[in-house]
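Participant: There's a structure below that I have some questions on.
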Amino acid sequence: MTVSAGAAVLAAPSDIPFEQRAMAVDTIKADKAIEAFESDLKKSNNYDKVFEDYKSLMDLSVEISDIMNLNWAETEKLNYGMNTTSTREELDKNYNECSEYREKIDEQIKSILESKYADDFKKYWGDDKIEKVQNMSGIADTSAKEFNDRYYELLNKNADGKEFASLLKGVIAHNKNDEELDEETAERLQKIINYCNSISDYGYYVNKFNNYGAHLGLTEIKGENNIDNPIEKLAFVGEINEHLKKAYDYMVKNNLCFYDDNEKDVAGVTFRLIGSEDSEILAFGDNDVMRTLIHEFGHYQNFFGKEVDSEDYYFGTVHTSPIVEFDSQMFELIATDYYDEIYGDNAGAMKFDTLVSCFQIVASATMAYFENSLYNDDVLQMSNEDLDKAITKQFGEEWYKTCQFCFTNPGTYLRYSLAMFNAIQVYDIFLKDKQAGIDKYFEACACEGDTYEEVTEKLGLVSAFDDNAAEYLKSITNDIFKTEYGIDYDTALDYFENGTYLGKVFPTEQKVSVNGGETQKLIAYNRGGFNYIKIRDLAKLLNGTSSQFDVEYDETVGKINIVTGKPYTAEVKTAGQKVAGTYSLCRNGENVRFGGMIFVNGYNCFLLRGLAENKVLGINVDYDEETNTVLIYTE
């Protein structure tokens, strides 16, 4: 054998502007490569030639992957109404052709293990790659395309949640694995459960700072934060590091960044082009697309100029990571130090908002419970209507737009949470020593492909799975806010408990009349002109009427239960709820839809008119504008 294992390294960044890049498979080149491999494989004493053919097929597979990613990017532009030179018909044709040739290449690679060169290639590949080759079952992207086509078809026809629930159940049924968990997987899942439990109140912890920040005026963002040319503003990255400057200049020169600031959805994606060692960025959002671009550039710069062996890429050994968001989340936090030149007078509010938003991502690990619960027998047994109701209660009426990742990527929110857990630690280092923080950032970017445990150990960070991880996270969060704003936990806690949630909802005395009787006073919280009240206060008000009810609360599971027809006894003093949204409202033990809720000082307060209109209680609500009195009538 005359060719070494690492000989076929793909070319450096291509310097080909986006509009000049290949968008379709070179079928003549692909057919010749496959024919040459088939012919040389039949000959004896031809190992070197077969090996060269094999490496050519690997490189060709990577080129086709790049074309598929470019097609996917152009399809996303069409879906979001952005300019593209391709029609959907052309993109579908390209995608199908890519899929066809990727499958052909897969079959050729598999055929080696049935040829006279099988032993030589087994020795070259090693057991792990042999197993992957043996288990090849054609291109997986085809099923993803079928899903996306169906998903966008439903979106375009304004389908209801039940139809999306049906699609979701189809994905679950397809992905479901009935085999028992091996010991290692079971242990990992237990770690995840422990992590979710340990940081369950972190969102509440960060909200204390956010609320106090509102008191100090740090959340007063002016205008819509639209920036005339976000890509031009992104040039600040060149001040941080020479590598970032090269990546940015190359990106602009080759037109590899696109954005639309008229799109309602806020989203971004970076399509990695492994064959040319660069990427393409798409970003959307009608309010501050700039932060989306910053996040995506964190991915982009990490992919820029990295040499990858085509065989390693083909077998998926170096091009991904379980905490793939680590590079972008760290970069978001570091970039806040440069907000003055991006946002001007708005920089302070934008920085505070970014910090709070990033830190709240850690608490999104609780979403993993939802994702995991989707992939079990119980969900498959539910009717589409019941599944839609369950997800609507958790995420709102248009859950299928905001939770698209839940369809195909269980664990997405958990990965974001774990990555941010580490990103906060790197940001803490950056605040204490900027150069040390930047060095740590690039050290982290070099960990691509490692597991979470490996990354954490290499960087000398505290693992989210450590026993005291949650307390450590709170400690450095407290240090960050204290360093940046002089806001410590105790001060923020005092304001949070004695003030209002997010500084926007204030208690007022509201006049109320029941069944035309004497006017009484009720403490209500007004948001947007609507009154929200504590459920126990309403129980006291209706006691003795035909619509009386008692209230039960189980704080261990966060369940509020309304028992209709029963007199209200007395308020049971509890420790109070610590996290917004971790409850369920029930009527005689059955979950109900209630029409609106806000979270104030540890209490869930419900929209009075929503309780009436959704028939949670036997009441009707009216309002006498002249006397400023809420009129409640029992049925």
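Note on naming: chains are A, B, ... as they come in the structure tokens, residues start from 1 per chain, ligands start from 1 in the order shown.
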Excluding same-chain residues fewer than 6 positions from region 341-353 of chain A, what lies within 6 Å of it counting only C-alpha atoms, as a list in words?
Facilitator: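 The filter keeps Leu218, Thr219, Glu220 and Ile221 of chain A.
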Participant: Output the selection as a short mmCIF file (atom, residue, chain, number, x, y, z; two decimals), in the first residue's frame - N, CA, C and O atoms for each residue.
Facilitator:
data_model
loop_
_atom_site.label_atom_id
_atom_site.label_comp_id
_atom_site.auth_asym_id
_atom_site.auth_seq_id
_atom_site.Cartn_x
_atom_site.Cartn_y
_atom_site.Cartn_z
N LEU A 218 -32.39 49.39 33.66
CA LEU A 218 -31.49 48.68 32.75
C LEU A 218 -32.23 47.95 31.63
O LEU A 218 -31.61 47.45 30.69
N THR A 219 -33.54 47.83 31.73
CA THR A 219 -34.30 47.08 30.73
C THR A 219 -35.05 47.98 29.76
O THR A 219 -35.84 47.51 28.96
N GLU A 220 -34.79 49.28 29.83
CA GLU A 220 -35.54 50.23 29.00
C GLU A 220 -34.93 50.32 27.60
O GLU A 220 -34.21 51.26 27.27
N ILE A 221 -35.22 49.32 26.79
CA ILE A 221 -34.72 49.27 25.42
C ILE A 221 -35.52 50.25 24.57
O ILE A 221 -36.74 50.23 24.57
#
Participant: Find, counting only C-alpha atoms, the residue in A:Met290, A:Ala30, A:Val362, A:Ala173 that gets nearest to Glu332 (chain A).
Facilitator: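 Counting only C-alpha atoms, the residue closest to Glu332 (chain A) is A:Met290.
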Participant: Show which residues sit within 12 Å of Tyr250 (chain A), as a compact mmCIF listing (two decimals) with N, CA, C and O atoms, in the first residue's frame. Count only C-alpha atoms, and ignore same-chain residues fewer than 3 positions away.
Facilitator:
# COMPACT_ATOMS: atom_id res chain seq x y z
N PRO A 13 -10.19 27.00 2.45
CA PRO A 13 -11.33 27.81 2.03
C PRO A 13 -11.28 28.18 0.56
O PRO A 13 -10.24 28.59 0.04
N SER A 14 -12.42 28.05 -0.12
CA SER A 14 -12.40 28.01 -1.58
C SER A 14 -12.25 29.37 -2.25
O SER A 14 -11.85 29.42 -3.41
N ASP A 15 -12.61 30.46 -1.55
CA ASP A 15 -12.59 31.78 -2.16
C ASP A 15 -13.48 31.86 -3.41
O ASP A 15 -13.19 32.59 -4.36
N ILE A 16 -14.56 31.08 -3.38
CA ILE A 16 -15.53 31.15 -4.47
C ILE A 16 -16.76 31.87 -3.95
O ILE A 16 -17.39 31.40 -3.01
N PRO A 17 -17.12 33.03 -4.48
CA PRO A 17 -18.33 33.72 -4.02
C PRO A 17 -19.54 32.82 -4.06
O PRO A 17 -19.63 31.93 -4.92
N PHE A 18 -20.47 33.06 -3.16
CA PHE A 18 -21.61 32.17 -3.01
C PHE A 18 -22.35 31.95 -4.33
O PHE A 18 -22.68 30.82 -4.68
N ALA A 235 -18.55 43.80 11.95
CA ALA A 235 -17.11 43.98 11.76
C ALA A 235 -16.37 44.18 13.08
O ALA A 235 -15.14 44.03 13.14
N GLY A 238 -13.44 41.89 14.37
CA GLY A 238 -12.03 42.03 14.01
C GLY A 238 -11.19 42.65 15.09
O GLY A 238 -9.96 42.52 15.09
N HIS A 243 -7.92 35.86 13.97
CA HIS A 243 -8.66 34.77 13.33
C HIS A 243 -10.09 35.22 13.01
O HIS A 243 -10.62 34.95 11.92
N LEU A 244 -10.71 35.93 13.95
CA LEU A 244 -12.08 36.41 13.73
C LEU A 244 -12.12 37.42 12.60
O LEU A 244 -13.08 37.45 11.82
N LYS A 245 -11.09 38.26 12.52
CA LYS A 245 -11.04 39.24 11.44
C LYS A 245 -10.95 38.55 10.08
O LYS A 245 -11.66 38.91 9.13
N LYS A 246 -10.11 37.52 9.98
CA LYS A 246 -9.97 36.78 8.71
C LYS A 246 -11.29 36.10 8.34
O LYS A 246 -11.70 36.10 7.18
N ALA A 247 -11.92 35.50 9.35
CA ALA A 247 -13.19 34.81 9.09
C ALA A 247 -14.25 35.79 8.61
O ALA A 247 -14.99 35.52 7.66
N LYS A 253 -16.42 38.91 1.73
CA LYS A 253 -15.90 38.84 0.37
C LYS A 253 -16.65 37.82 -0.47
O LYS A 253 -16.93 38.03 -1.66
N ASN A 254 -17.01 36.70 0.15
CA ASN A 254 -17.65 35.61 -0.59
C ASN A 254 -19.17 35.56 -0.42
O ASN A 254 -19.81 34.58 -0.80
N ASN A 255 -19.73 36.64 0.17
CA ASN A 255 -21.19 36.75 0.29
C ASN A 255 -21.79 35.51 0.93
O ASN A 255 -22.66 34.85 0.37
N LEU A 256 -21.34 35.22 2.15
CA LEU A 256 -21.79 34.00 2.84
C LEU A 256 -22.68 34.31 4.05
O LEU A 256 -22.84 33.46 4.92
N CYS A 257 -23.24 35.51 4.09
CA CYS A 257 -24.11 35.88 5.21
C CYS A 257 -25.34 36.61 4.67
O CYS A 257 -25.21 37.58 3.93
N GLU A 277 -14.40 24.18 3.80
CA GLU A 277 -13.99 24.68 5.12
C GLU A 277 -14.55 26.07 5.45
O GLU A 277 -13.89 26.89 6.05
N ASP A 278 -15.76 26.31 5.04
CA ASP A 278 -16.44 27.52 5.47
C ASP A 278 -17.93 27.22 5.65
O ASP A 278 -18.34 26.07 5.66
N SER A 279 -18.73 28.27 5.78
CA SER A 279 -20.13 28.09 6.11
C SER A 279 -20.94 29.22 5.51
O SER A 279 -20.39 30.20 5.00
N GLU A 280 -22.25 29.08 5.63
CA GLU A 280 -23.16 30.14 5.21
C GLU A 280 -24.10 30.44 6.36
O GLU A 280 -24.58 29.52 7.04
N TYR A 300 -19.92 30.16 12.86
CA TYR A 300 -19.20 30.35 11.60
C TYR A 300 -17.69 30.38 11.81
O TYR A 300 -16.93 29.68 11.13
N GLN A 301 -17.24 31.21 12.75
CA GLN A 301 -15.79 31.36 12.94
C GLN A 301 -15.16 30.06 13.40
O GLN A 301 -13.98 29.81 13.13
N PHE A 304 -14.61 28.01 10.27
CA PHE A 304 -13.80 28.63 9.23
C PHE A 304 -12.38 28.07 9.21
O PHE A 304 -11.66 28.09 10.22
N GLY A 305 -11.97 27.60 8.03
CA GLY A 305 -10.58 27.20 7.81
C GLY A 305 -10.12 25.93 8.49
O GLY A 305 -8.93 25.66 8.53
Participant: Find the residue from A:Ser200, A:Asn515, A:Ser99, A:Gln425 that sits nearest to Asn71 (chain A); use only C-alpha atoms when measuring.
Facilitator: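 Checking each candidate against Asn71 (chain A), we get A:Ser99 as the closest.
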Participant: Name the closest residue to Val426 (chain A) among the candidates A:Gln329, A:Thr354, A:Thr270, A:Thr491; distances are taken between atoms, counting only C-alpha atoms.
Facilitator: A:Gln329
Participant: Env of Gln108 (chain A): 12 Å cut, atoms = only C-alpha atoms, seq-sep filter 3 positions within chain, self excluded. Answer as a JSON list (two decimals) with N, CA and C atoms, in the first residue's frame.
Facilitator:
[["chain", "number", "residue", "atom", "x", "y", "z"],
["A", 31, "ASP", "N", -20.62, 9.74, -12.01],
["A", 31, "ASP", "CA", -20.77, 8.45, -12.70],
["A", 31, "ASP", "C", -19.41, 7.83, -13.02],
["A", 33, "ALA", "N", -16.57, 8.30, -11.39],
["A", 33, "ALA", "CA", -15.94, 7.85, -10.14],
["A", 33, "ALA", "C", -16.53, 6.52, -9.69],
["A", 34, "ILE", "N", -17.83, 6.37, -9.81],
["A", 34, "ILE", "CA", -18.48, 5.11, -9.40],
["A", 34, "ILE", "C", -18.09, 3.98, -10.35],
["A", 35, "GLU", "N", -18.08, 4.27, -11.65],
["A", 35, "GLU", "CA", -17.70, 3.24, -12.64],
["A", 35, "GLU", "C", -16.26, 2.80, -12.44],
["A", 36, "ALA", "N", -15.35, 3.75, -12.18],
["A", 36, "ALA", "CA", -13.95, 3.41, -11.96],
["A", 36, "ALA", "C", -13.80, 2.51, -10.73],
["A", 37, "PHE", "N", -14.52, 2.82, -9.67],
["A", 37, "PHE", "CA", -14.44, 2.03, -8.44],
["A", 37, "PHE", "C", -14.96, 0.61, -8.70],
["A", 38, "GLU", "N", -16.11, 0.49, -9.38],
["A", 38, "GLU", "CA", -16.68, -0.82, -9.65],
["A", 38, "GLU", "C", -15.73, -1.66, -10.49],
["A", 39, "SER", "N", -15.11, -1.04, -11.50],
["A", 39, "SER", "CA", -14.20, -1.75, -12.39],
["A", 39, "SER", "C", -12.93, -2.19, -11.67],
["A", 40, "ASP", "N", -12.32, -1.26, -10.89],
["A", 40, "ASP", "CA", -11.06, -1.58, -10.21],
["A", 40, "ASP", "C", -11.26, -2.59, -9.09],
["A", 41, "LEU", "N", -12.44, -2.62, -8.53],
["A", 41, "LEU", "CA", -12.72, -3.55, -7.42],
["A", 41, "LEU", "C", -12.75, -4.99, -7.91],
["A", 50, "VAL", "N", -7.78, 0.70, -5.93],
["A", 50, "VAL", "CA", -9.08, 0.63, -5.26],
["A", 50, "VAL", "C", -9.12, 1.63, -4.11],
["A", 53, "ASP", "N", -9.56, 5.10, -5.47],
["A", 53, "ASP", "CA", -10.96, 5.27, -5.90],
["A", 53, "ASP", "C", -11.87, 5.50, -4.69],
["A", 54, "TYR", "N", -11.61, 4.74, -3.64],
["A", 54, "TYR", "CA", -12.41, 4.84, -2.42],
["A", 54, "TYR", "C", -12.30, 6.25, -1.82],
["A", 55, "LYS", "N", -11.07, 6.80, -1.77],
["A", 55, "LYS", "CA", -10.89, 8.15, -1.23],
["A", 55, "LYS", "C", -11.59, 9.18, -2.12],
["A", 56, "SER", "N", -11.59, 8.95, -3.42],
["A", 56, "SER", "CA", -12.28, 9.86, -4.33],
["A", 56, "SER", "C", -13.78, 9.86, -4.07],
["A", 57, "LEU", "N", -14.32, 8.67, -3.79],
["A", 57, "LEU", "CA", -15.74, 8.59, -3.48],
["A", 57, "LEU", "C", -16.06, 9.31, -2.18],
["A", 58, "MET", "N", -15.15, 9.19, -1.20],
["A", 58, "MET", "CA", -15.35, 9.89, 0.07],
["A", 58, "MET", "C", -15.39, 11.41, -0.17],
["A", 61, "SER", "N", -18.55, 12.40, -1.82],
["A", 61, "SER", "CA", -19.67, 12.39, -0.87],
["A", 61, "SER", "C", -19.73, 13.70, -0.09],
["A", 101, "TYR", "N", -27.25, 10.08, -5.52],
["A", 101, "TYR", "CA", -25.83, 9.78, -5.64],
["A", 101, "TYR", "C", -25.19, 9.45, -4.29],
["A", 102, "ARG", "N", -25.70, 10.08, -3.20],
["A", 102, "ARG", "CA", -25.19, 9.69, -1.88],
["A", 102, "ARG", "C", -25.52, 8.22, -1.59],
["A", 103, "GLU", "N", -26.70, 7.78, -1.97],
["A", 103, "GLU", "CA", -27.09, 6.39, -1.77],
["A", 103, "GLU", "C", -26.22, 5.46, -2.61],
["A", 104, "LYS", "N", -25.95, 5.88, -3.85],
["A", 104, "LYS", "CA", -25.08, 5.08, -4.71],
["A", 104, "LYS", "C", -23.69, 4.92, -4.10],
["A", 105, "ILE", "N", -23.15, 6.02, -3.56],
["A", 105, "ILE", "CA", -21.83, 5.97, -2.93],
["A", 105, "ILE", "C", -21.86, 5.09, -1.70],
["A", 111, "SER", "N", -20.03, -2.33, -0.54],
["A", 111, "SER", "CA", -19.63, -3.46, -1.38],
["A", 111, "SER", "C", -18.19, -3.89, -1.13],
["A", 112, "ILE", "N", -17.36, -3.00, -0.57],
["A", 112, "ILE", "CA", -15.97, -3.37, -0.27],
["A", 112, "ILE", "C", -15.92, -4.57, 0.66],
["A", 113, "LEU", "N", -16.82, -4.61, 1.63],
["A", 113, "LEU", "CA", -16.80, -5.68, 2.64],
["A", 113, "LEU", "C", -17.28, -7.01, 2.08],
["A", 114, "GLU", "N", -17.71, -7.00, 0.84],
["A", 114, "GLU", "CA", -18.11, -8.25, 0.18],
["A", 114, "GLU", "C", -17.16, -8.58, -0.96],
["A", 115, "SER", "N", -16.03, -7.85, -1.04],
["A", 115, "SER", "CA", -15.09, -8.06, -2.14],
["A", 115, "SER", "C", -13.83, -8.80, -1.67],
["A", 133, "VAL", "N", -20.29, 0.85, 8.48],
["A", 133, "VAL", "CA", -20.49, 0.52, 7.07],
["A", 133, "VAL", "C", -21.53, -0.60, 6.94],
["A", 134, "GLN", "N", -21.42, -1.61, 7.78],
["A", 134, "GLN", "CA", -22.36, -2.72, 7.72],
["A", 134, "GLN", "C", -23.79, -2.29, 7.99],
["A", 136, "MET", "N", -25.09, 0.68, 7.25],
["A", 136, "MET", "CA", -25.58, 1.71, 6.35],
["A", 136, "MET", "C", -26.92, 1.28, 5.75],
["A", 138, "GLY", "N", -28.79, 3.55, 3.56],
["A", 138, "GLY", "CA", -29.20, 4.63, 2.67],
["A", 138, "GLY", "C", -29.18, 5.97, 3.37]]
Participant: Within region 158-344 of chain A, find each residue whose DSSP state, derived from the backbone, is helix (DSSP H, G or I), and express the selection as a VMD selection string.
Facilitator: chain A and resid 161 to 175 183 to 198 202 to 215 230 to 239 242 to 253 274 to 276 289 to 303 310 to 314 326 to 344
Participant: Pick from A:Lys116, A:Arg415, A:Arg88, A:Lys110: nearest to Asn46 (chain A), with only C-alpha atoms counted?
Facilitator: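 Residue with the minimum atom-to-atom distance to Asn46 (chain A): A:Lys116.
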Participant: Would you give me, as a tab-separated table, each residue of region 391-450 of chain A having an atom within 10 Å of an atom of region 481-486 of chain A, along with its shortest atom pair and that distance in Å to one decimal, using only C-alpha atoms and sorting by chain and residue number?
Facilitator:
residue	atom	partner	partner_atom	distance
A:Asp428	CA	A:Thr483	CA	9.8
A:Leu431	CA	A:Thr483	CA	8.4
A:Lys432	CA	A:Thr483	CA	9.3
Participant: Check region 249-302 of chain A with DSSP on the backbone and list each residue it calls strand (DSSP E or B), as a ChimeraX atom specification.
Facilitator: /A:257-260,267-273,278-284
Participant: Which value, in Å to one decimal, gives the distance between CA of Lys534 (chain A) and CA of Asn591 (chain A)?
Facilitator: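 Straight-line distance from CA of Lys534 (chain A) to CA of Asn591 (chain A) works out to 18.0 Å.
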Participant: Please provide as an MDAnalysis selection string all residues within 6 Å of region 605-614 of chain A, with the sequence filter that same-chain residues fewer than 4 positions apart are discarded (counting only C-alpha atoms).
Facilitator: chainID A and resid 531:534 594:598 619:620
Participant: For a quick check of understanding, using only C-alpha atoms, which of A:Tyr313, A:Tyr400, A:Trp125, A:Phe271 has the smallest distance to Glu296 (chain A)?
Facilitator: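 Between A:Tyr313, A:Tyr400, A:Trp125, A:Phe271, the residue approaching Glu296 (chain A) most closely is A:Phe271.
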